[in-house]
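What's in run_3.txt: compact mmCIF, C-alpha atoms
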```txt
# COMPACT_ATOMS: atom_id res chain seq x y z
CA MET A 1 1.93 -12.12 6.53
CA LEU A 2 -0.99 -10.39 8.24
CA ALA A 3 0.91 -8.67 11.04
CA LEU A 4 -0.16 -8.36 14.65
CA ASP A 5 -0.35 -4.58 14.62
CA GLY A 6 -1.47 -4.09 18.23
CA ALA A 7 0.61 -4.66 21.38
CA VAL A 8 0.05 -3.93 25.08
CA GLU A 9 2.45 -4.65 27.95
CA PHE A 10 0.86 -6.56 30.82
CA ASP A 11 1.34 -5.62 34.49
CA PRO A 12 -0.91 -7.50 36.95
CA SER A 13 -1.00 -4.46 39.24
CA LEU A 14 -2.36 -2.27 36.40
CA ASP A 15 -4.79 -4.69 34.82
CA ALA A 16 -7.72 -2.24 34.56
CA PRO A 17 -6.03 0.16 32.07
CA PHE A 18 -4.54 -2.87 30.31
CA PHE A 19 -7.94 -4.41 29.61
CA ALA A 20 -9.32 -1.04 28.55
CA ALA A 21 -6.53 -0.75 25.97
CA VAL A 22 -7.49 -4.02 24.29
CA PRO A 23 -10.32 -3.44 21.78
CA ALA A 24 -13.56 -5.36 22.15
CA ARG A 25 -13.47 -6.50 18.52
CA PRO A 26 -13.02 -9.85 16.71
CA GLY A 27 -9.45 -10.89 15.99
CA ILE A 28 -6.56 -13.09 17.06
CA LEU A 29 -4.64 -12.72 20.32
CA LEU A 30 -1.06 -13.78 21.06
CA VAL A 31 0.00 -13.86 24.72
CA GLU A 32 3.79 -13.72 25.13
CA MET A 33 5.46 -15.03 28.30
CA ARG A 34 8.09 -13.55 30.58
CA ASP A 35 10.30 -16.60 30.13
CA PRO A 36 11.98 -16.12 26.73
CA HIS A 37 12.05 -19.90 26.23
CA ALA A 38 8.32 -20.35 26.87
CA ARG A 39 5.99 -20.66 23.92
CA PRO A 40 3.26 -18.06 23.46
CA HIS A 41 -0.46 -18.74 23.60
CA LEU A 42 -2.45 -18.04 20.43
CA VAL A 43 -6.25 -17.83 20.21
CA ARG A 44 -8.93 -16.56 17.84
CA THR A 45 -11.88 -14.83 19.40
CA ALA A 46 -14.98 -12.81 18.68
CA ASP A 47 -13.99 -10.33 21.43
CA LEU A 48 -10.31 -9.60 22.12
CA ARG A 49 -10.96 -7.82 25.41
CA ARG A 50 -13.09 -10.63 26.77
CA ALA A 51 -10.44 -13.19 25.79
CA ALA A 52 -7.73 -11.13 27.50
CA GLU A 53 -9.84 -10.86 30.67
CA ARG A 54 -10.45 -14.61 30.66
CA LEU A 55 -6.74 -15.46 30.24
CA LEU A 56 -5.15 -12.68 32.33
CA GLY A 57 -7.79 -11.72 34.89
CA PRO A 58 -7.67 -12.74 38.56
CA PRO A 59 -7.93 -16.55 38.71
CA ASP A 60 -10.96 -18.28 40.16
CA PRO A 61 -9.83 -20.94 42.67
CA ALA A 62 -12.84 -23.10 41.83
CA SER A 63 -12.22 -23.02 38.08
CA LYS A 64 -9.86 -25.19 36.00
CA ARG A 65 -9.80 -22.67 33.15
CA LEU A 66 -6.35 -21.71 31.80
CA ASN A 67 -4.98 -18.59 33.47
CA LEU A 68 -1.72 -16.90 32.40
CA ARG A 69 -1.77 -13.91 34.75
CA ASP A 70 1.42 -14.86 36.61
CA VAL A 71 3.52 -15.71 33.54
CA ALA A 72 2.37 -13.31 30.79
CA ALA A 73 4.51 -10.35 29.75
CA ARG A 74 2.49 -8.75 26.94
CA VAL A 75 -0.20 -9.39 24.39
CA ARG A 76 -0.11 -8.78 20.65
CA TYR A 77 -3.26 -8.81 18.61
CA ARG A 78 -4.84 -8.12 15.26
CA VAL A 79 -8.36 -6.86 14.80
CA THR A 80 -9.99 -8.62 11.84
CA GLY A 81 -12.93 -7.59 9.71
CA SER A 82 -13.97 -11.03 8.46
CA LYS A 83 -13.75 -14.70 9.36
CA PHE A 84 -11.58 -15.35 6.31
CA GLU A 85 -9.02 -12.75 7.40
CA GLN A 86 -9.14 -14.12 10.94
CA THR A 87 -8.57 -17.70 9.77
CA LEU A 88 -5.70 -16.70 7.49
CA ALA A 89 -4.01 -14.62 10.20
CA LEU A 90 -4.42 -17.46 12.69
CA TYR A 91 -2.87 -19.91 10.22
CA GLU A 92 0.12 -17.68 9.45
CA HIS A 93 0.99 -17.01 13.09
CA ALA A 94 0.34 -20.58 14.19
CA ARG A 95 2.69 -21.75 11.45
CA ALA A 96 5.34 -19.26 12.56
CA ASN A 97 5.07 -19.99 16.31
CA PHE A 98 4.19 -23.69 16.33
CA PRO A 99 5.80 -25.24 13.23
CA GLY A 100 5.51 -28.77 14.57
CA ARG A 101 1.84 -28.90 15.49
CA TYR A 102 -0.04 -26.09 13.79
CA ARG A 103 -1.76 -28.44 11.32
CA ASP A 104 -3.27 -30.52 14.11
CA ALA A 105 -4.15 -27.42 16.15
CA LEU A 106 -6.01 -25.87 13.20
CA ARG A 107 -7.41 -29.22 11.99
CA LEU A 108 -5.90 -28.42 8.64
CA ARG A 109 -6.51 -31.36 6.34
CA PRO A 110 -5.45 -31.38 2.67
CA PRO A 111 -8.47 -31.09 0.37
CA ALA A 112 -9.72 -33.84 -1.90
CA LEU A 113 -8.43 -33.62 -5.49
CA LEU A 114 -8.68 -35.62 -8.68
CA LYS A 115 -5.32 -36.76 -10.01
CA VAL A 116 -4.30 -38.20 -13.36
CA ASN A 117 -0.84 -39.69 -12.87
CA LEU A 118 0.74 -38.77 -16.19
CA ARG A 119 4.08 -40.32 -15.28
CA ASN A 120 2.52 -43.76 -15.43
CA ASP A 121 2.63 -45.48 -18.82
CA TYR A 122 -1.13 -46.08 -18.55
CA PRO A 123 -2.51 -43.28 -16.36
CA ARG A 124 -5.72 -43.51 -14.39
CA CYS A 125 -7.86 -40.88 -12.68
CA TYR A 126 -8.42 -41.20 -8.94
CA VAL A 127 -9.12 -39.18 -5.79
CA THR A 128 -6.20 -38.16 -3.58
CA ARG A 129 -5.30 -35.73 -0.81
CA ARG A 130 -1.59 -35.71 -1.63
CA LEU A 131 -0.34 -32.83 -3.76
CA ALA A 132 3.19 -32.93 -5.16
CA ALA A 133 5.09 -31.54 -8.12
CA ASP A 134 5.38 -35.00 -9.68
CA GLY A 135 4.17 -34.24 -13.20
CA GLY A 136 0.61 -35.32 -12.42
CA PHE A 137 -2.56 -33.50 -13.45
CA TYR A 138 -4.38 -32.21 -10.34
CA PHE A 139 -7.96 -31.00 -10.42
CA GLY A 140 -10.02 -29.61 -7.55
CA PRO A 141 -10.49 -28.94 -4.72
CA PHE A 142 -13.74 -30.64 -3.70
CA VAL A 143 -15.66 -30.19 -0.48
CA SER A 144 -14.95 -33.77 0.62
CA ARG A 145 -13.57 -37.06 -0.59
CA ARG A 146 -17.11 -38.37 -0.94
CA ALA A 147 -18.02 -35.46 -3.25
CA ALA A 148 -14.89 -36.04 -5.34
CA ASP A 149 -15.65 -39.77 -5.61
CA ALA A 150 -19.24 -39.03 -6.63
CA PHE A 151 -18.13 -36.66 -9.38
CA ALA A 152 -15.39 -39.01 -10.60
CA GLU A 153 -17.80 -41.93 -10.81
CA GLY A 154 -20.11 -40.13 -13.22
CA PHE A 155 -17.30 -38.37 -15.09
CA LEU A 156 -15.23 -41.49 -15.81
CA GLU A 157 -18.23 -43.18 -17.37
CA LEU A 158 -17.69 -40.82 -20.31
CA PHE A 159 -14.29 -42.35 -21.06
CA LYS A 160 -12.57 -45.70 -21.32
CA ILE A 161 -9.43 -45.28 -19.24
CA ARG A 162 -8.65 -47.92 -16.65
CA ARG A 163 -9.84 -47.79 -13.04
CA CYS A 164 -7.82 -50.73 -11.71
CA GLN A 165 -4.65 -50.35 -9.66
CA ILE A 166 -2.69 -53.25 -11.14
CA LYS A 167 0.57 -52.89 -13.05
CA ILE A 168 -0.15 -53.02 -16.78
CA ARG A 169 1.97 -55.64 -18.58
CA ARG A 170 -0.01 -55.92 -21.86
CA ASP A 171 -0.39 -59.68 -21.54
CA PRO A 172 -2.86 -61.14 -24.11
CA ASP A 173 -3.51 -64.06 -21.71
CA PHE A 174 -4.65 -61.75 -18.91
CA PRO A 175 -8.38 -62.31 -18.22
CA GLY A 176 -9.28 -58.61 -17.86
CA CYS A 177 -11.98 -57.26 -15.55
CA ILE A 178 -15.65 -56.34 -15.47
CA TYR A 179 -14.98 -52.94 -17.06
CA SER A 180 -13.41 -54.51 -20.14
CA GLU A 181 -16.30 -56.97 -20.33
CA MET A 182 -18.77 -54.05 -20.30
CA LYS A 183 -16.74 -52.16 -22.93
CA MET A 184 -16.04 -49.38 -20.40
CA CYS A 185 -12.25 -49.71 -20.62
CA LEU A 186 -9.78 -49.94 -23.50
CA ALA A 187 -8.23 -52.89 -21.64
CA PRO A 188 -4.50 -52.20 -22.01
CA CYS A 189 -3.93 -55.06 -19.53
CA PHE A 190 -4.44 -57.68 -22.25
CA ALA A 191 -3.36 -55.43 -25.16
CA GLY A 192 -6.91 -54.49 -26.07
CA CYS A 193 -5.65 -51.19 -27.47
CA THR A 194 -2.45 -49.59 -28.62
CA LYS A 195 -0.42 -47.25 -26.48
CA GLU A 196 -1.32 -44.37 -28.80
CA GLU A 197 -5.06 -45.08 -28.50
CA TYR A 198 -4.80 -45.08 -24.71
CA ASP A 199 -2.81 -41.82 -24.71
CA ALA A 200 -5.48 -40.20 -26.87
CA GLU A 201 -8.18 -41.24 -24.40
CA VAL A 202 -6.17 -39.90 -21.46
CA LEU A 203 -5.64 -36.63 -23.33
CA SER A 204 -9.40 -36.36 -23.82
CA VAL A 205 -9.92 -36.86 -20.07
CA VAL A 206 -7.38 -34.17 -19.17
CA GLU A 207 -8.69 -31.68 -21.73
CA THR A 208 -12.27 -32.20 -20.58
CA LEU A 209 -11.34 -31.49 -16.96
CA ASP A 210 -9.11 -28.58 -17.95
CA THR A 211 -11.94 -26.88 -19.84
CA SER A 212 -14.73 -27.91 -17.42
CA GLY A 213 -16.30 -30.03 -20.14
CA ALA A 214 -16.10 -27.47 -22.95
CA ALA A 215 -13.60 -29.45 -25.04
CA LEU A 216 -15.65 -32.65 -25.05
CA THR A 217 -18.92 -30.79 -25.57
CA ALA A 218 -17.54 -28.92 -28.59
CA LYS A 219 -16.17 -32.14 -30.08
CA ILE A 220 -19.50 -34.00 -29.73
CA GLU A 221 -21.44 -31.04 -31.11
CA ARG A 222 -19.21 -30.96 -34.19
CA GLU A 223 -19.66 -34.69 -34.72
CA ARG A 224 -23.42 -34.38 -34.26
CA GLU A 225 -23.62 -31.57 -36.83
CA ALA A 226 -21.52 -33.58 -39.28
CA ALA A 227 -23.76 -36.63 -38.80
CA SER A 228 -26.86 -34.53 -39.38
CA GLU A 229 -25.43 -33.03 -42.56
CA ALA A 230 -24.61 -36.56 -43.79
CA LEU A 231 -28.23 -37.58 -43.02
CA ASP A 232 -26.98 -40.15 -40.49
CA PHE A 233 -29.76 -39.38 -38.04
CA GLU A 234 -29.24 -42.49 -35.89
CA ARG A 235 -25.65 -41.46 -35.15
CA ALA A 236 -26.77 -37.86 -34.58
CA ALA A 237 -29.35 -39.06 -32.04
CA ALA A 238 -26.73 -41.20 -30.29
CA LEU A 239 -24.36 -38.26 -30.13
CA HIS A 240 -27.14 -36.07 -28.74
CA LYS A 241 -27.70 -38.59 -25.93
CA ARG A 242 -23.97 -38.62 -25.23
CA LEU A 243 -24.03 -34.84 -25.09
CA GLU A 244 -26.81 -34.98 -22.50
CA LYS A 245 -24.75 -37.48 -20.52
CA VAL A 246 -21.76 -35.14 -20.57
CA SER A 247 -23.93 -32.24 -19.37
CA ALA A 248 -25.32 -34.36 -16.53
CA ALA A 249 -21.83 -35.46 -15.45
CA MET A 250 -20.41 -31.93 -15.47
CA ARG A 251 -23.46 -30.43 -13.75
CA GLY A 252 -22.17 -31.56 -10.36
CA LEU A 253 -18.80 -29.84 -10.84
CA PRO A 254 -18.32 -27.07 -8.23
CA GLU A 255 -17.19 -23.67 -9.45
CA LEU A 256 -14.01 -23.81 -7.38
CA ALA A 257 -12.80 -27.09 -8.92
CA ARG A 258 -10.35 -26.59 -11.78
CA ARG A 259 -6.78 -27.35 -12.73
CA ILE A 260 -4.69 -26.34 -9.73
CA GLU A 261 -2.23 -24.26 -11.76
CA ASP A 262 -5.18 -22.30 -13.19
CA LEU A 263 -6.89 -21.60 -9.86
CA ASP A 264 -6.61 -17.82 -10.17
CA ALA A 265 -9.19 -15.65 -8.43
CA VAL A 266 -9.71 -12.77 -6.05
CA ILE A 267 -11.42 -13.17 -2.67
CA LEU A 268 -13.15 -10.03 -1.39
CA GLN A 269 -13.76 -9.41 2.30
CA ARG A 270 -14.82 -6.47 4.43
CA ALA A 271 -11.96 -4.85 6.32
CA VAL A 272 -11.91 -3.39 9.81
CA GLU A 273 -11.89 0.21 8.61
CA ASP A 274 -15.08 1.81 7.41
CA LYS A 275 -15.74 1.72 3.64
CA THR A 276 -12.75 -0.57 3.13
CA VAL A 277 -12.44 -3.87 1.29
CA MET A 278 -9.58 -6.38 1.42
CA ILE A 279 -8.86 -8.20 -1.83
CA PHE A 280 -6.89 -11.44 -1.49
CA PRO A 281 -5.38 -12.57 -4.82
CA LEU A 282 -5.41 -16.32 -5.34
CA ARG A 283 -2.79 -17.44 -7.87
CA GLY A 284 -2.34 -21.08 -8.69
CA GLY A 285 -4.27 -21.98 -5.53
CA ARG A 286 -2.01 -19.94 -3.23
CA ILE A 287 -3.24 -16.94 -1.23
CA GLU A 288 -1.15 -13.79 -1.60
CA ASP A 289 -0.93 -10.68 0.56
CA PRO A 290 -4.12 -8.63 0.34
CA CYS A 291 -4.73 -5.42 -1.54
CA ILE A 292 -6.60 -2.93 0.68
CA LEU A 293 -9.06 -0.53 -0.95
CA ASN A 294 -10.15 2.30 1.31
CA PHE A 295 -12.79 4.04 -0.76
CA ILE A 296 -12.80 7.11 1.48
CA GLU A 297 -9.13 7.73 0.68
CA LEU A 298 -9.47 6.61 -2.93
CA SER A 299 -12.15 9.21 -3.60
CA SER A 300 -9.46 11.90 -3.51
CA GLN A 301 -6.97 9.96 -5.64
CA PRO A 302 -6.32 11.09 -9.24
CA ARG A 303 -6.33 7.48 -10.46
CA SER A 304 -9.33 5.20 -10.77
CA VAL A 305 -9.80 2.12 -8.59
CA GLU A 306 -9.53 -0.06 -11.69
CA ALA A 307 -6.10 1.40 -12.46
CA ILE A 308 -4.95 0.67 -8.90
CA LEU A 309 -6.18 -2.91 -9.20
CA ARG A 310 -4.42 -3.35 -12.52
CA GLU A 311 -1.17 -2.13 -11.00
CA ARG A 312 -1.57 -4.66 -8.21
CA LEU A 313 -2.60 -7.66 -10.31
CA GLU A 314 -1.03 -7.23 -13.75
CA PRO A 315 2.74 -7.03 -13.05
CA HIS A 316 2.69 -10.54 -11.62
CA GLN A 317 0.91 -11.90 -14.69
CA ASP A 318 3.42 -10.24 -17.01
CA ALA A 319 6.25 -11.85 -15.06
CA VAL A 320 4.57 -15.27 -15.22
CA GLU A 321 4.08 -15.07 -18.99
CA THR A 322 7.67 -13.91 -19.51
CA ARG A 323 8.93 -16.79 -17.38
CA ASN A 324 6.81 -19.30 -19.27
CA LEU A 325 8.05 -18.04 -22.65
CA SER A 326 11.70 -18.10 -21.60
CA ALA A 327 11.33 -21.57 -20.09
CA ALA A 328 9.67 -22.86 -23.25
CA ALA A 329 12.52 -21.49 -25.35
CA THR A 330 15.22 -23.12 -23.21
CA SER A 331 13.54 -26.38 -22.17
CA PRO A 332 15.33 -29.53 -23.40
CA SER A 333 13.59 -32.18 -25.47
CA VAL A 334 11.93 -35.01 -23.55
CA GLU A 335 12.21 -38.60 -24.71
CA GLY A 336 9.84 -40.34 -22.28
CA ARG A 337 6.77 -39.53 -20.30
CA ASP A 338 8.46 -40.56 -17.05
CA SER A 339 11.09 -37.81 -17.42
CA ASN A 340 10.97 -35.01 -14.85
CA SER A 341 12.14 -32.39 -17.37
CA ALA A 342 8.91 -32.21 -19.33
CA GLU A 343 7.65 -29.16 -21.13
CA ASN A 344 6.09 -26.30 -19.26
CA ALA A 345 2.40 -26.27 -18.54
CA PRO A 346 0.31 -24.33 -21.07
CA LEU A 347 -1.04 -20.89 -20.56
CA ASP A 348 -4.54 -20.52 -19.17
CA PRO A 349 -6.96 -22.37 -21.47
CA ARG A 350 -9.60 -19.73 -20.79
CA GLN A 351 -7.34 -17.28 -22.67
CA GLY A 352 -8.10 -19.16 -25.87
CA THR A 353 -4.79 -20.99 -26.29
CA ALA A 354 -4.52 -24.20 -28.24
CA SER A 355 -3.87 -26.27 -25.11
CA ALA A 356 -7.59 -26.42 -24.27
CA VAL A 357 -8.81 -27.82 -27.60
CA PRO A 358 -5.94 -28.83 -29.90
CA THR A 359 -6.48 -27.54 -33.41
CA GLU A 360 -3.00 -27.71 -34.92
CA GLU A 361 -1.92 -30.65 -37.02
CA PRO A 362 1.31 -32.38 -36.05
CA SER A 363 4.24 -30.69 -37.76
CA SER A 364 6.17 -32.51 -40.42
CA GLY A 365 8.65 -34.96 -38.95
CA VAL A 366 6.54 -35.53 -35.79
CA SER A 367 4.28 -38.56 -35.76
CA ALA A 368 0.73 -38.39 -34.43
CA PRO A 369 1.52 -40.66 -31.42
CA GLU A 370 4.51 -38.50 -30.51
CA ALA A 371 2.37 -35.36 -30.86
CA GLY A 372 -0.20 -36.91 -28.52
CA ARG A 373 2.45 -37.63 -25.91
CA ASN A 374 3.73 -34.05 -26.23
CA ASP A 375 0.20 -32.76 -25.59
CA LEU A 376 -0.03 -34.83 -22.41
CA ARG A 377 3.31 -33.53 -21.13
CA LYS A 378 1.92 -29.99 -21.13
CA TYR A 379 -0.43 -30.71 -18.26
CA GLY A 380 1.85 -32.00 -15.50
CA LEU A 381 2.33 -30.04 -12.28
CA ARG A 382 6.04 -29.14 -12.33
CA SER A 383 6.37 -26.96 -9.25
CA ALA A 384 4.40 -26.53 -6.05
CA PRO A 385 5.24 -24.35 -3.01
CA PRO A 386 5.48 -26.31 0.26
CA ASP A 387 2.40 -24.55 1.65
CA LEU A 388 0.21 -24.93 -1.47
CA SER A 389 -1.85 -27.77 -0.01
CA GLU A 390 -2.45 -25.77 3.17
CA HIS A 391 -3.60 -22.70 1.25
CA LEU A 392 -5.95 -24.89 -0.77
CA ALA A 393 -7.33 -26.26 2.49
CA LEU A 394 -8.01 -22.74 3.78
CA VAL A 395 -9.72 -21.69 0.55
CA THR A 396 -11.75 -24.92 0.48
CA ARG A 397 -12.89 -24.45 4.07
CA TRP A 398 -14.06 -20.91 3.34
CA PHE A 399 -15.59 -21.54 -0.10
CA TYR A 400 -17.77 -24.46 1.00
CA SER A 401 -18.80 -22.93 4.33
CA LYS A 402 -22.47 -22.09 4.88
CA PRO A 403 -23.15 -19.25 5.11
CA ARG A 404 -20.12 -17.96 3.21
CA GLU A 405 -18.99 -14.43 3.93
CA GLY A 406 -17.43 -12.36 1.17
CA GLU A 407 -17.20 -13.04 -2.55
CA ILE A 408 -14.87 -14.79 -4.97
CA LEU A 409 -14.38 -13.89 -8.63
CA PHE A 410 -12.38 -16.14 -10.95
CA ARG A 411 -9.96 -14.97 -13.58
CA ALA A 412 -10.85 -15.86 -17.16
CA ALA A 413 -9.10 -14.23 -20.12
CA ASP A 414 -8.47 -11.21 -17.88
CA TRP A 415 -9.14 -10.16 -14.33
CA PRO A 416 -12.83 -9.15 -13.96
CA TYR A 417 -12.20 -5.57 -12.82
CA ARG A 418 -15.75 -4.31 -13.35
CA ARG A 419 -17.20 -7.26 -11.48
CA ILE A 420 -14.71 -6.67 -8.66
CA LEU A 421 -15.93 -3.09 -8.28
CA ARG A 422 -19.56 -4.21 -8.27
CA ALA A 423 -18.73 -6.83 -5.64
CA CYS A 424 -17.10 -4.13 -3.50
CA SER A 425 -20.30 -2.12 -3.68
CA ARG A 426 -22.31 -5.13 -2.51
CA LEU A 427 -19.94 -5.77 0.38
CA LEU A 428 -20.03 -2.16 1.56
CA ALA A 429 -23.79 -1.76 1.17
CA PRO A 430 -25.65 -1.45 4.49
CA PRO A 431 -27.51 -4.60 5.53
CA SER A 432 -31.11 -4.62 4.41
```
In structure tokens, how does this file's structure come out?
Amino acid sequence: MLALDGAVEFDPSLDAPFFAAVPARPGILLVEMRDPHARPHLVRTADLRRAAERLLGPPDPASKRLNLRDVAARVRYRVTGSKFEQTLALYEHARANFPGRYRDALRLRPPALLKVNLRNDYPRCYVTRRLAADGGFYFGPFVSRRAADAFAEGFLELFKIRRCQIKIRRDPDFPGCIYSEMKMCLAPCFAGCTKEEYDAEVLSVVETLDTSGAALTAKIEREREAASEALDFERAAALHKRLEKVSAAMRGLPELARRIEDLDAVILQRAVEDKTVMIFPLRGGRIEDPCILNFIELSSQPRSVEAILRERLEPHQDAVETRNLSAAATSPSVEGRDSNSAENAPLDPRQGTASAVPTEEPSSGVSAPEAGRNDLRKYGLRSAPPDLSEHLALVTRWFYSKPREGEILFRAADWPYRRILRACSRLLAPPS
């Protein structure tokens, strides 16, 4: 938690030195009351001293503005160097002091996500704001529900999974819908496909989202090259048009949107101290305690800044990989997709693992349909901290804000240490 590191006792008879002790800087201010059972008053402000004077100064009889002069005992505050730090500190202390109403007070709304409900026998992809460790595939966040719907509409045209909300009974007498008539759905409702064919299509959807389109693009490019080598130029031209359609659909994908478990990044913000940067690690969509780099102090350190960053970021990754390997070795076999004890999620696809684009053939003794179901089980969200949705909301609010202060750098195969150092230089550079 970002602590309130400043505190001043309040005495109405000595208000002049009290106000002088409160810095005239941006931050958050917590006014504590004399009554131990009274709740404190928490505000964010661009000027802590001015906010203290407004709340604790002599009241104006003609004004209806809130005045706490007669009931306040002390103030605690934190000076912040950026709006992101201020918002995060406000969230943490509002959550601690007002657990019943902090979401409404901060207008904290869960972000819009795409979900593929893998526990359903015939999954579909839809927009939701509910995030739970229910084995579903979650992808996002998007700036709004409208933006998520717009992306999903173009993206789902690349595939033939269902969009209806009915319960699938595989009844040959069922009339179907407009999507099956237009050949835009495999139509499992009237047994227009096998279960294995539908699972393969769902797997293609999940892999395409997981790799931001790279899996589907690579597959179509291979098919196009094979068609060209076989002198089937009509099929090659059709595949080229499909490739252009894929590029157009993925062009509207924001950089922040990705599989929630793989939302690993660092958010860089200016700190209060001079020549200092705060680095907030983002792991699996959750904001961790910041790493503070004071370059004045670091200039006399025997270690490089990159080594300090590695020490801060790498141990956690080693622990995650060890936990994943041990869980994979001890996980029980799963007989059905609706089981809650499915296999662990794969490692980051951007590390080049086989989960992004399957290349291995099913092992002997395992049928292709069973192998396809096993591939789908890898993608479910198995665990989610209670505050994950709230952290995603904070990141979404900052990332899509205009103008956006600070920088964000995403983790690929490794943390981008050189890019982090260059971003620090940009943040600390004097304004032009």
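Within 10 Å of Asn120 (chain A), once all atoms listed in the file are used and residues closer than 3 positions along the same chain are dropped, the contacting residues are Val116, Asn117, Pro123, Arg124, Gly135, Gly136, Lys167, Ile168, Arg337 and Asp338 of chain A.
Comparing A:Arg146, A:Leu263, A:Val8, A:Arg251 by their smallest distance to Leu282 (chain A), the closest is A:Leu263 (using only C-alpha atoms).
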Query - Nearby residues, (-10.6, -0.8, -11.9) file frame, 12 Å, all atoms listed in the file, as a VMD selection string - result: chain A and resid 293 298 303 to 314 415 to 424
Query raised in the report: What is the CA of Leu428 (chain A) to CA of Ile292 (chain A) distance in Å?
Result: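 Distance reported for this atom pair: 13.5 Å.
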Query raised in the report: Can you tell me, as number ranges by chain, what residues are no more than 10 Å from Arg286 (chain A) when counting only C-alpha atoms, ignoring any on the same chain fewer than 5 positions away?
Result: A: 260-261, 263-265, 280-281, 384-385, 387-392, 394-395
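For Ser401 (chain A), the non-local neighbours within 12 Å, defined as residues at least 5 positions apart in the same chain or in other chains and counting all atoms listed in the file, are Lys83, Phe84, Val143, Leu394, Val395, Thr396 and Gly406 of chain A.
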Report task. Go through A:Gln165, A:Asn67, A:Asn294, A:Thr45 and flag the residue nearest Ser82 (chain A), using all atoms listed in the file for the distances. Result ->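 Closest to Ser82 (chain A) of all the choices is A:Thr45.
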Query raised in the report: Got a sec: who's within 12 Å of Ala96 (chain A), counting all atoms listed in the file, leaving out chain neighbours fewer than 4 positions off, as a list in words?
Result: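 Listing them by chain and then by number gives Met1, Leu2, Ala3, Leu30, Arg39, Pro40, Leu42, Ala89, Leu90, Tyr91, Glu92, Gly100, Arg101, Tyr102 and Arg103 of chain A.
Taking CA of Val246 (chain A) and CA of Glu153 (chain A) as endpoints, the distance between them is 12.5 Å.
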